[in-house]
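Engineer: Handing over model.cif, mmCIF, C-alpha atoms.
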data_my_file
#
loop_
_atom_site.label_atom_id
_atom_site.label_comp_id
_atom_site.auth_asym_id
_atom_site.auth_seq_id
_atom_site.Cartn_x
_atom_site.Cartn_y
_atom_site.Cartn_z
CA MET A 949 -9.24 -10.37 7.49
CA GLY A 950 -5.67 -11.56 7.76
CA LEU A 951 -4.25 -14.04 10.21
CA ILE A 952 -2.61 -11.28 12.18
CA ASP A 953 -5.56 -9.15 13.20
CA THR A 954 -7.25 -8.36 16.49
CA PRO A 955 -10.07 -5.97 17.40
CA MET A 956 -7.58 -3.96 19.42
CA LEU A 957 -5.26 -3.67 16.45
CA ARG A 958 -8.10 -2.49 14.24
CA VAL A 959 -9.07 0.19 16.75
CA LEU A 960 -5.48 1.37 17.14
CA SER A 961 -4.85 1.37 13.41
CA GLY A 962 -8.00 3.44 12.92
CA SER A 963 -6.97 5.83 15.67
CA LEU A 964 -3.56 6.35 14.07
CA ASP A 965 -5.13 7.03 10.67
CA VAL A 966 -7.70 9.50 12.01
CA ASN A 967 -5.23 11.39 14.16
CA ALA A 968 -2.69 11.61 11.34
CA PHE A 969 -5.40 13.00 9.06
CA ARG A 970 -6.54 15.48 11.69
CA GLN A 971 -2.95 16.64 12.02
CA ARG A 972 -2.98 17.61 8.36
CA VAL A 973 -6.16 19.62 8.80
CA ILE A 974 -4.82 21.40 11.89
CA SER A 975 -1.58 22.20 10.07
CA SER A 976 -3.52 23.73 7.21
CA ASN A 977 -5.45 25.88 9.66
CA LEU A 978 -2.25 27.02 11.35
CA ALA A 979 -0.56 27.73 8.03
CA ASN A 980 -3.49 29.98 7.15
CA VAL A 981 -3.79 31.81 10.47
CA ASP A 982 -3.12 35.09 8.63
CA THR A 983 -4.89 34.41 5.34
CA PRO A 984 -7.82 36.78 4.77
CA GLY A 985 -11.14 34.98 4.45
CA TYR A 986 -9.80 31.58 5.48
CA ARG A 987 -12.24 29.39 7.46
CA THR A 988 -11.09 26.84 10.01
CA ARG A 989 -11.63 23.21 9.09
CA ASP A 990 -11.93 20.12 11.26
CA ILE A 991 -13.23 16.55 11.10
CA ASP A 992 -16.05 14.95 13.06
CA PHE A 993 -13.54 13.19 15.28
CA HIS A 994 -15.74 10.64 17.05
CA ARG A 995 -17.58 9.75 13.88
CA ALA A 996 -14.29 9.38 12.02
CA LEU A 997 -12.95 7.02 14.70
CA THR A 998 -16.07 4.84 14.50
CA ASP A 999 -15.96 4.79 10.71
CA ALA A 1000 -12.28 3.90 10.67
CA VAL A 1001 -12.79 0.83 12.87
CA VAL A 1002 -15.90 -0.33 11.02
CA SER A 1003 -14.38 -0.27 7.55
CA SER A 1004 -11.83 -2.98 6.96
CA PRO A 1005 -8.39 -1.50 6.41
CA GLU A 1006 -7.15 -4.27 4.15
CA GLU A 1007 -9.91 -4.36 1.57
CA ASP A 1008 -7.93 -3.07 -1.36
CA GLY A 1009 -4.99 -5.30 -0.69
CA ASN A 1010 -2.22 -2.75 -0.56
CA GLY A 1011 -2.34 -1.82 3.09
CA SER A 1012 -4.09 1.53 2.58
CA GLY A 1013 -7.76 2.26 2.08
CA GLY A 1014 -10.60 2.52 4.48
CA SER A 1015 -12.71 5.63 4.43
CA THR A 1016 -11.03 9.01 4.63
CA PRO A 1017 -12.65 11.50 7.00
CA VAL A 1018 -14.06 14.69 5.55
CA ALA A 1019 -12.67 18.02 6.65
CA ARG A 1020 -15.54 20.47 6.98
CA LYS A 1021 -15.64 24.17 7.71
CA LEU A 1022 -16.27 24.79 11.38
CA GLN A 1023 -19.15 26.91 12.66
CA GLY A 1024 -19.24 29.10 15.73
CA LEU A 1025 -15.76 30.57 15.68
CA ILE A 1026 -15.09 34.25 16.08
CA GLU A 1027 -14.35 35.96 12.80
CA ARG A 1028 -11.82 38.75 12.48
CA PRO A 1029 -12.36 41.80 10.25
CA ASP A 1030 -10.51 40.21 7.33
CA GLY A 1031 -12.82 37.17 7.39
CA ASN A 1032 -10.31 34.79 8.95
CA ASN A 1033 -11.68 32.71 11.85
CA VAL A 1034 -8.65 30.64 12.82
CA SER A 1035 -8.09 30.58 16.57
CA ALA A 1036 -4.42 30.06 17.34
CA ASP A 1037 -5.35 28.86 20.82
CA ARG A 1038 -7.81 26.26 19.60
CA GLU A 1039 -5.49 24.93 16.92
CA GLY A 1040 -2.51 24.98 19.26
CA LEU A 1041 -4.37 22.93 21.85
CA LEU A 1042 -5.64 20.49 19.22
CA LEU A 1043 -2.13 20.14 17.85
CA ALA A 1044 -0.91 18.98 21.26
CA THR A 1045 -3.82 16.65 22.02
CA THR A 1046 -3.82 15.05 18.57
CA GLN A 1047 -0.13 14.39 18.90
CA LEU A 1048 -0.68 12.76 22.29
CA ARG A 1049 -3.49 10.56 20.99
CA PHE A 1050 -1.28 9.47 18.13
CA SER A 1051 1.58 8.77 20.50
CA LEU A 1052 -0.63 6.70 22.78
CA SER A 1053 -2.06 4.71 19.86
CA ALA A 1054 1.42 4.04 18.50
CA GLN A 1055 2.69 2.82 21.85
CA LEU A 1056 -0.35 0.57 22.36
CA ALA A 1057 0.04 -0.81 18.83
CA LYS A 1058 3.63 -1.69 19.63
CA ASP A 1059 2.53 -3.49 22.80
CA GLU A 1060 -0.23 -5.28 20.91
CA PHE A 1061 2.26 -6.60 18.38
CA HIS A 1062 4.45 -7.85 21.23
CA LYS A 1063 1.48 -9.68 22.71
CA ILE A 1064 0.71 -11.31 19.38
CA LEU A 1065 4.31 -12.40 19.00
CA SER A 1066 4.28 -13.87 22.49
CA ALA A 1067 1.07 -15.75 21.71
CA ILE A 1068 2.69 -17.23 18.63
CA ARG A 1069 5.83 -18.21 20.46
CA GLU A 1070 4.02 -19.65 23.47
CA GLY A 1071 2.06 -21.88 21.14
CA ALA A 1072 5.38 -23.57 20.37
CA MET B 1188 -6.67 -13.32 19.08
CA ASN B 1189 -9.16 -15.57 17.35
CA PRO B 1190 -7.36 -16.25 14.07
CA ILE B 1191 -4.18 -17.04 15.97
CA THR B 1192 -5.77 -19.31 18.54
CA THR B 1193 -7.66 -21.06 15.76
CA ALA B 1194 -4.40 -21.74 13.97
CA LEU B 1195 -2.67 -22.82 17.18
CA ARG B 1196 -5.55 -25.00 18.31
CA ILE B 1197 -5.03 -27.36 15.39
CA LEU B 1198 -1.41 -27.94 16.36
CA PRO B 1199 -2.09 -30.52 19.15
CA ALA B 1200 -4.08 -32.51 16.56
CA LEU B 1201 -0.96 -33.05 14.44
CA PRO B 1202 0.15 -36.46 15.84
CA GLU B 1203 -3.26 -37.88 14.88
CA LEU B 1204 -3.29 -36.32 11.47
CA VAL B 1205 0.18 -37.37 10.32
CA PRO B 1206 -0.33 -41.16 10.46
CA ALA B 1207 -3.67 -40.68 8.70
CA ARG B 1208 -1.95 -38.94 5.81
CA SER B 1209 0.88 -41.48 5.50
CA GLY B 1210 -1.67 -44.26 5.43
CA GLY B 1211 -0.50 -45.90 8.70
CA SER B 1212 -2.66 -46.87 11.66
CA GLY B 1213 -3.79 -43.99 13.64
CA THR B 1214 -6.88 -42.73 15.27
CA GLY B 1215 -8.55 -42.73 11.88
CA VAL B 1216 -8.92 -39.03 11.40
CA ALA B 1217 -8.32 -39.37 7.69
CA GLY B 1218 -10.76 -37.31 5.68
CA ALA B 1219 -11.95 -33.84 6.63
CA PRO B 1220 -9.59 -32.84 9.53
CA ALA B 1221 -6.44 -33.65 7.53
CA GLY B 1222 -7.90 -31.79 4.60
CA SER B 1223 -8.75 -28.82 6.77
CA PHE B 1224 -5.28 -28.77 8.31
CA SER B 1225 -3.50 -28.68 4.98
CA ALA B 1226 -5.99 -26.08 3.84
CA THR B 1227 -5.17 -23.99 6.90
CA LEU B 1228 -1.46 -24.34 6.28
CA ARG B 1229 -1.96 -23.41 2.64
CA ASP B 1230 -3.98 -20.37 3.71
CA ALA B 1231 -1.28 -19.40 6.19
CA ILE B 1232 1.39 -19.58 3.50
CA SER B 1233 -0.59 -17.54 1.00
CA GLU B 1234 -1.46 -15.09 3.77
CA VAL B 1235 2.23 -14.64 4.50
CA ASP B 1236 2.88 -14.05 0.83
CA GLY B 1237 -0.02 -11.61 0.57
CA SER B 1238 0.91 -9.67 3.68
CA GLN B 1239 4.53 -9.34 2.55
CA THR B 1240 3.42 -8.06 -0.86
CA ARG B 1241 1.15 -5.54 0.88
CA ALA B 1242 3.95 -4.46 3.18
CA GLU B 1243 6.35 -3.97 0.27
CA SER B 1244 3.77 -1.92 -1.60
CA VAL B 1245 3.02 0.39 1.32
CA VAL B 1246 6.69 0.85 2.22
CA ARG B 1247 7.48 1.70 -1.38
CA GLY B 1248 4.66 4.22 -1.26
CA VAL B 1249 6.19 5.93 1.75
CA LEU B 1250 9.71 5.97 0.32
CA GLU B 1251 8.57 7.26 -3.07
CA GLY B 1252 6.52 9.96 -1.41
CA THR B 1253 3.23 8.92 -3.03
CA GLY B 1254 1.25 9.69 0.05
CA GLU B 1255 1.24 6.72 2.42
CA ASP B 1256 1.74 7.39 6.10
CA VAL B 1257 4.72 5.92 7.87
CA HIS B 1258 2.50 4.31 10.51
CA LYS B 1259 0.56 2.40 7.83
CA ALA B 1260 3.81 1.06 6.41
CA VAL B 1261 5.12 0.09 9.83
CA ILE B 1262 1.93 -1.74 10.77
CA ALA B 1263 1.92 -3.59 7.42
CA VAL B 1264 5.54 -4.62 8.00
CA GLU B 1265 4.80 -5.83 11.53
CA LYS B 1266 1.80 -7.82 10.35
CA ALA B 1267 3.82 -9.45 7.59
CA ASP B 1268 6.57 -10.24 10.06
CA LEU B 1269 4.16 -11.83 12.55
CA SER B 1270 2.38 -13.80 9.81
CA PHE B 1271 5.73 -15.22 8.91
CA GLN B 1272 6.54 -16.06 12.53
CA LEU B 1273 3.21 -17.81 12.87
CA MET B 1274 3.80 -19.84 9.75
CA LEU B 1275 7.26 -20.81 11.00
CA GLN B 1276 5.78 -22.06 14.26
CA VAL B 1277 3.15 -24.07 12.43
CA ARG B 1278 5.83 -25.59 10.20
CA ASN B 1279 8.06 -26.38 13.19
CA LYS B 1280 5.17 -28.08 14.94
CA LEU B 1281 4.46 -30.16 11.88
CA ILE B 1282 8.09 -31.26 11.61
CA ALA B 1283 8.29 -32.05 15.33
CA ALA B 1284 5.10 -34.08 15.20
CA TYR B 1285 6.30 -35.97 12.13
CA GLN B 1286 9.61 -36.78 13.80
CA GLU B 1287 7.76 -38.03 16.86
CA VAL B 1288 5.62 -40.29 14.75
CA GLU B 1289 8.73 -41.55 12.91
CA ARG B 1290 10.22 -42.55 16.24
CA LEU B 1291 7.09 -44.50 17.10
CA GLN B 1292 7.09 -46.40 13.87
CA PHE B 1293 10.68 -47.62 14.37
CA MET C 607 -0.53 13.42 1.49
CA ASN C 608 1.03 11.99 4.60
CA LEU C 609 2.78 13.52 7.57
CA PHE C 610 5.73 14.52 5.39
CA GLY C 611 3.26 16.60 3.42
CA VAL C 612 2.16 18.20 6.68
CA MET C 613 5.69 19.42 7.19
CA GLU C 614 5.52 21.02 3.75
CA ILE C 615 2.27 22.78 4.62
CA ALA C 616 3.82 24.21 7.78
CA GLY C 617 6.94 24.98 5.75
CA SER C 618 4.92 27.09 3.33
CA ALA C 619 3.66 29.13 6.29
CA LEU C 620 7.16 29.53 7.72
CA GLY C 621 8.29 30.93 4.39
CA ALA C 622 5.32 33.25 4.07
CA GLU C 623 5.60 34.62 7.62
CA ARG C 624 9.32 35.13 7.21
CA LEU C 625 8.72 37.15 4.05
CA ARG C 626 6.07 39.15 5.89
CA ALA C 627 8.61 39.91 8.64
CA GLU C 628 11.14 40.97 6.00
CA VAL C 629 8.65 43.40 4.48
CA VAL C 630 7.95 44.85 7.94
CA ALA C 631 11.69 45.20 8.53
CA SER C 632 12.01 47.01 5.22
CA ASN C 633 9.19 49.39 6.19
CA MET C 634 10.77 50.06 9.57
CA ALA C 635 14.20 50.61 8.09
CA ASN C 636 12.81 53.18 5.69
CA LEU C 637 10.79 55.26 8.15
CA GLU C 638 12.76 58.34 7.30
CA THR C 639 13.54 57.71 3.63
CA THR C 640 12.39 60.86 1.91
CA HIS C 641 13.89 60.15 -1.47
CA THR C 642 14.03 56.97 -3.57
CA PRO C 643 15.61 56.38 -7.01
CA GLY C 644 12.11 56.23 -8.47
CA GLY C 645 11.36 59.66 -7.03
CA GLY C 646 9.34 60.52 -3.98
CA PRO C 647 9.56 59.05 -0.49
CA TYR C 648 9.64 55.33 0.37
CA ARG C 649 6.22 53.77 0.07
CA ARG C 650 5.04 51.25 2.64
CA ARG C 651 4.74 47.66 1.39
CA LEU C 652 2.24 44.98 2.37
CA THR C 653 2.07 41.24 1.85
CA VAL C 654 -1.08 39.54 0.58
CA PHE C 655 -1.66 36.04 1.97
CA ARG C 656 -3.63 33.48 0.00
CA ALA C 657 -4.67 29.96 0.99
CA GLU C 658 -3.50 27.30 -1.45
CA ASN C 659 -6.26 24.91 -2.55
CA ALA C 660 -7.40 24.14 0.97
CA SER C 661 -10.66 22.45 -0.05
CA PRO C 662 -11.90 19.40 1.91
CA PHE C 663 -12.21 17.59 -1.40
CA LEU C 664 -8.51 17.98 -1.99
CA PHE C 665 -7.75 16.26 1.30
CA GLN C 666 -9.71 13.23 0.14
CA LEU C 667 -8.31 13.33 -3.36
CA ALA C 668 -4.75 13.65 -2.13
CA SER C 669 -4.96 10.65 0.13
CA PHE C 670 -6.16 8.36 -2.65
CA SER C 671 -4.20 9.61 -5.61
CA PRO C 672 -0.78 8.02 -6.03
CA SER C 673 0.48 11.05 -7.90
CA SER C 674 -0.42 13.45 -5.12
CA ALA C 675 0.42 17.05 -5.89
CA ALA C 676 1.90 17.35 -2.42
CA SER C 677 5.02 15.55 -3.53
CA THR C 678 5.66 18.15 -6.21
CA GLY C 679 4.24 21.05 -4.22
CA THR C 680 7.51 22.53 -3.10
CA ALA C 681 8.99 22.31 -6.58
CA LEU C 682 6.24 24.56 -7.91
CA GLY C 683 6.23 26.71 -4.78
CA ARG C 684 2.60 25.90 -4.07
CA VAL C 685 1.63 23.47 -1.34
CA PRO C 686 -1.96 22.15 -1.33
CA GLY C 687 -3.49 23.00 2.03
CA GLY C 688 -0.75 25.52 2.69
CA VAL C 689 -0.38 29.26 2.20
CA ARG C 690 1.59 31.59 -0.03
CA ILE C 691 2.29 35.27 -0.44
CA ALA C 692 0.28 36.07 -3.57
CA LYS C 693 1.91 39.46 -3.99
CA VAL C 694 3.72 42.25 -2.23
CA VAL C 695 1.78 45.44 -2.84
CA THR C 696 2.67 49.06 -2.35
CA ASP C 697 0.53 51.17 -0.07
CA THR C 698 -1.02 53.98 -2.06
CA SER C 699 -1.77 56.20 0.95
CA ALA C 700 -0.63 59.77 0.72
CA PRO C 701 2.76 60.39 2.31
CA LEU C 702 3.06 62.34 5.53
CA ARG C 703 4.13 65.95 5.12
CA ARG C 704 6.31 67.78 7.61
CA TYR C 705 7.34 71.36 7.46
CA GLN C 706 11.16 71.40 7.08
CA PRO C 707 12.15 74.28 4.76
CA GLY C 708 15.89 73.63 5.02
CA HIS C 709 15.64 69.96 4.02
CA PRO C 710 17.18 69.02 0.61
CA ASP C 711 13.99 67.16 -0.34
CA ALA C 712 11.66 69.99 0.64
CA ASP C 713 9.22 71.13 -1.99
CA ALA C 714 8.51 74.73 -2.96
CA ALA C 715 6.30 75.23 0.08
CA GLY C 716 8.99 73.89 2.40
CA TYR C 717 7.25 70.56 3.11
CA VAL C 718 9.07 67.23 3.02
CA ALA C 719 7.16 64.04 2.14
CA TYR C 720 7.79 61.18 4.58
CA PRO C 721 6.73 57.53 4.22
CA ALA C 722 3.24 56.80 5.58
CA VAL C 723 4.62 54.12 7.88
CA ASN C 724 3.21 53.79 11.38
CA PRO C 725 5.83 52.13 13.62
CA ALA C 726 3.22 50.85 16.08
CA GLU C 727 1.27 49.22 13.27
CA GLU C 728 4.42 47.67 11.84
CA MET C 729 5.44 46.29 15.23
CA THR C 730 2.02 44.69 15.67
CA ASP C 731 2.35 43.13 12.25
CA LEU C 732 5.81 41.85 13.14
CA LEU C 733 4.56 40.29 16.37
CA GLY C 734 1.81 38.59 14.40
CA ALA C 735 4.38 37.19 11.99
CA VAL C 736 6.53 35.93 14.87
CA ARG C 737 3.58 34.26 16.60
CA ALA C 738 2.43 32.57 13.40
CA TYR C 739 5.98 31.45 12.72
CA GLU C 740 6.19 29.83 16.16
CA LEU C 741 2.84 28.10 15.70
CA ASN C 742 3.90 26.59 12.42
CA ALA C 743 7.28 25.59 13.78
CA SER C 744 5.33 23.64 16.45
CA SER C 745 3.35 22.07 13.63
CA VAL C 746 6.55 20.82 12.01
CA GLN C 747 7.75 19.47 15.36
CA ALA C 748 4.46 17.66 15.93
CA ALA C 749 4.55 16.00 12.50
CA LYS C 750 8.18 15.02 12.99
CA GLN C 751 7.44 13.42 16.36
CA MET C 752 4.48 11.52 14.99
CA ILE C 753 6.65 10.09 12.24
CA GLN C 754 9.27 9.08 14.79
CA GLN C 755 6.62 7.47 16.97
CA SER C 756 5.36 5.53 13.97
CA ILE C 757 8.83 4.18 13.35
CA ALA C 758 9.11 3.23 17.04
CA ILE C 759 6.23 0.77 16.56
CA LEU C 760 8.70 -1.50 14.84
CA GLY C 761 10.67 -3.97 16.92
#
Could you render the structure as structure tokens?
Structural biologist:
Amino acid sequence: MGLIDTPMLRVLSGSLDVNAFRQRVISSNLANVDTPGYRTRDIDFHRALTDAVVSSPEEDGNGSGGSTPVARKLQGLIERPDGNNVSADREGLLLATTQLRFSLSAQLAKDEFHKILSAIREGA
Amino acid sequence: MNPITTALRILPALPELVPARSGGSGTGVAGAPAGSFSATLRDAISEVDGSQTRAESVVRGVLEGTGEDVHKAVIAVEKADLSFQLMLQVRNKLIAAYQEVERLQF
Amino acid sequence: MNLFGVMEIAGSALGAERLRAEVVASNMANLETTHTPGGGPYRRRLTVFRAENASPFLFQLASFSPSSAASTGTALGRVPGGVRIAKVVTDTSAPLRRYQPGHPDADAAGYVAYPAVNPAEEMTDLLGAVRAYELNASSVQAAKQMIQQSIAILG
């Protein structure tokens, strides 16, 4: 754990990572909305968030690392005659909410960094 | 905020530690506290170095397109920046305390 | 693969849907083409969509590997996690026959062969292409905004 680290920062960093990853999965689903036989994928969002906070993000020393969520095929979606089960509505909604979560996490991370800087300066 | 407050908490102890290190009369806090302060400062300096190396590596990854996310790079850069700021403050405190002690010793 | 790679995934879909729309346009334009250089009436064309390596394993592999294929994806035309038009095939359905004895392309019995293109079906296909295009354009926008928000963390 580095000098500059707080529980809040770990949570926010994890949230950013998970939401960025989910964005990739959603984009793949949307890209394949017309591909015959394609099955929608998604991550276990809450589990991924917990895992991201638990595993230390600086273990491998180059700023990346931590566990990557797994994108699994989703059950329970309606399948069209060509075998594709991508729901444009579901993916569209997720696209918007994931983006908002990312945005919120980014803004809070910015504020957290400001707080840390203030703490350092006020110690002076 | 624990690592930061830990680092900042040692700062008020500086006036006592400095005379101990220069061998003058002081409150006699020679051994372990002085050692732990210099160890902390050493850790802070190597931490700054480490975090800047990490930041450079992640940023390079983003710019070269080898798969790192921009937010990871940005956070690494911010952390490196703040580590540096912290170290600066610690150094400034040390200098200020030393100057104060110098004044006392005529 | 990072958010830039996401834009490439969506980009692959934009390209594929655009090509699909072009094929529909070609079909619509040739509704009445009774004679082609190759002989016979225009034959309806279809696009075949294929997912490009969209396995969960690849997502994990891509995020760890420094030489991620995503960075060279567009150069090869294949984007991992994206889509591509595998081929454009020709419909082998029998052409429609209309009785028009005076027509230059009429056969001995007086029937002219017309393309087996159903305008309603083509329009539906076109609407699908447009909708998918819009969805993926939103995807690009979302990725772009997330990158901008990341940068805004600085300072």
Engineer: Can you turn the PyMOL selection byres ((chain B and resi 1271-1284) around 6) into a concrete residue list for this file, as a PyMOL selection string?
Structural biologist: (chain A and resi 1068) or (chain B and resi 1202+1235+1268-1270+1285-1287)
Engineer: I'd like the contact shell of Ile974 in chain A - 12 Å cut-off, only C-alpha atoms, skipping same-chain residues fewer than 4 positions apart - returned as a PyMOL selection string.
Structural biologist: (chain A and resi 967-970+978-981+987-991+1019-1022+1034-1047) or (chain C and resi 609+612-613+615-616+660+687-688+741-742+744-746+748-749)
Engineer: Could you please tell me, as an MDAnalysis selection string, which residues of chain B have an atom within 8 Å of chain A when using only C-alpha atoms?
Structural biologist: chainID B and resid 1188:1191 1195 1231 1234 1238 1240:1242 1244:1245 1255 1258:1260 1262:1263 1265:1266 1269:1270 1272:1273 1276 1280
Engineer: Smallest atom-to-atom distance to Met729 in chain C: which of C:Gly645, C:Val630, C:Leu625, C:Arg656, using all atoms listed in the file?
Structural biologist: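 Closest to Met729 in chain C, using all atoms listed in the file: C:Val630.
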Engineer: Record the distance separating CA of Ala722 in chain C and CA of Arg649 in chain C, expressed in Å with one decimal.
Structural biologist: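 About the pair CA of Ala722 in chain C and CA of Arg649 in chain C: they are 7.0 Å apart.
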Engineer: Between CA of Ala735 in chain C and CA of Glu623 in chain C, measure the distance and give it in Å to one decimal.
Structural biologist: 5.2 Å
Engineer: How far is it from CA of Arg690 in chain C to CA of Tyr986 in chain A, in Å with one decimal?
Structural biologist: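 We find that CA of Arg690 in chain C and CA of Tyr986 in chain A lie 12.7 Å from each other.
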Engineer: Running the PyMOL selection byres ((chain A and resi 1000) around 9) on this model by hand, what would come out? Give it as a ChimeraX atom specification.
Structural biologist: /A:958-959,961-963,965-966,995-999,1001-1005,1014-1017
Engineer: If the PyMOL selection byres ((chain C and resi 647) around 10) is run on the structure shown, which residues does it catch, given as a count of residues only?
Structural biologist: 22
Engineer: What box, with edges along x, y and z, holds each listed atom of range 1274-1284 of chain B when 4 Å is added on every side, and can you state its centre and edge lengths in Å to one decimal, as JSON?
Structural biologist:
{"center_x": 5.7, "center_y": -27.0, "center_z": 12.5, "size_x": 13.1, "size_y": 22.2, "size_z": 13.6}
Engineer: Smallest atom-to-atom distance to chain C: which of B:Ala1267, B:Val1288, B:Val1261, B:Leu1250, using all atoms listed in the file?
Structural biologist: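 Among the listed residues, B:Val1261 lies closest to chain C.
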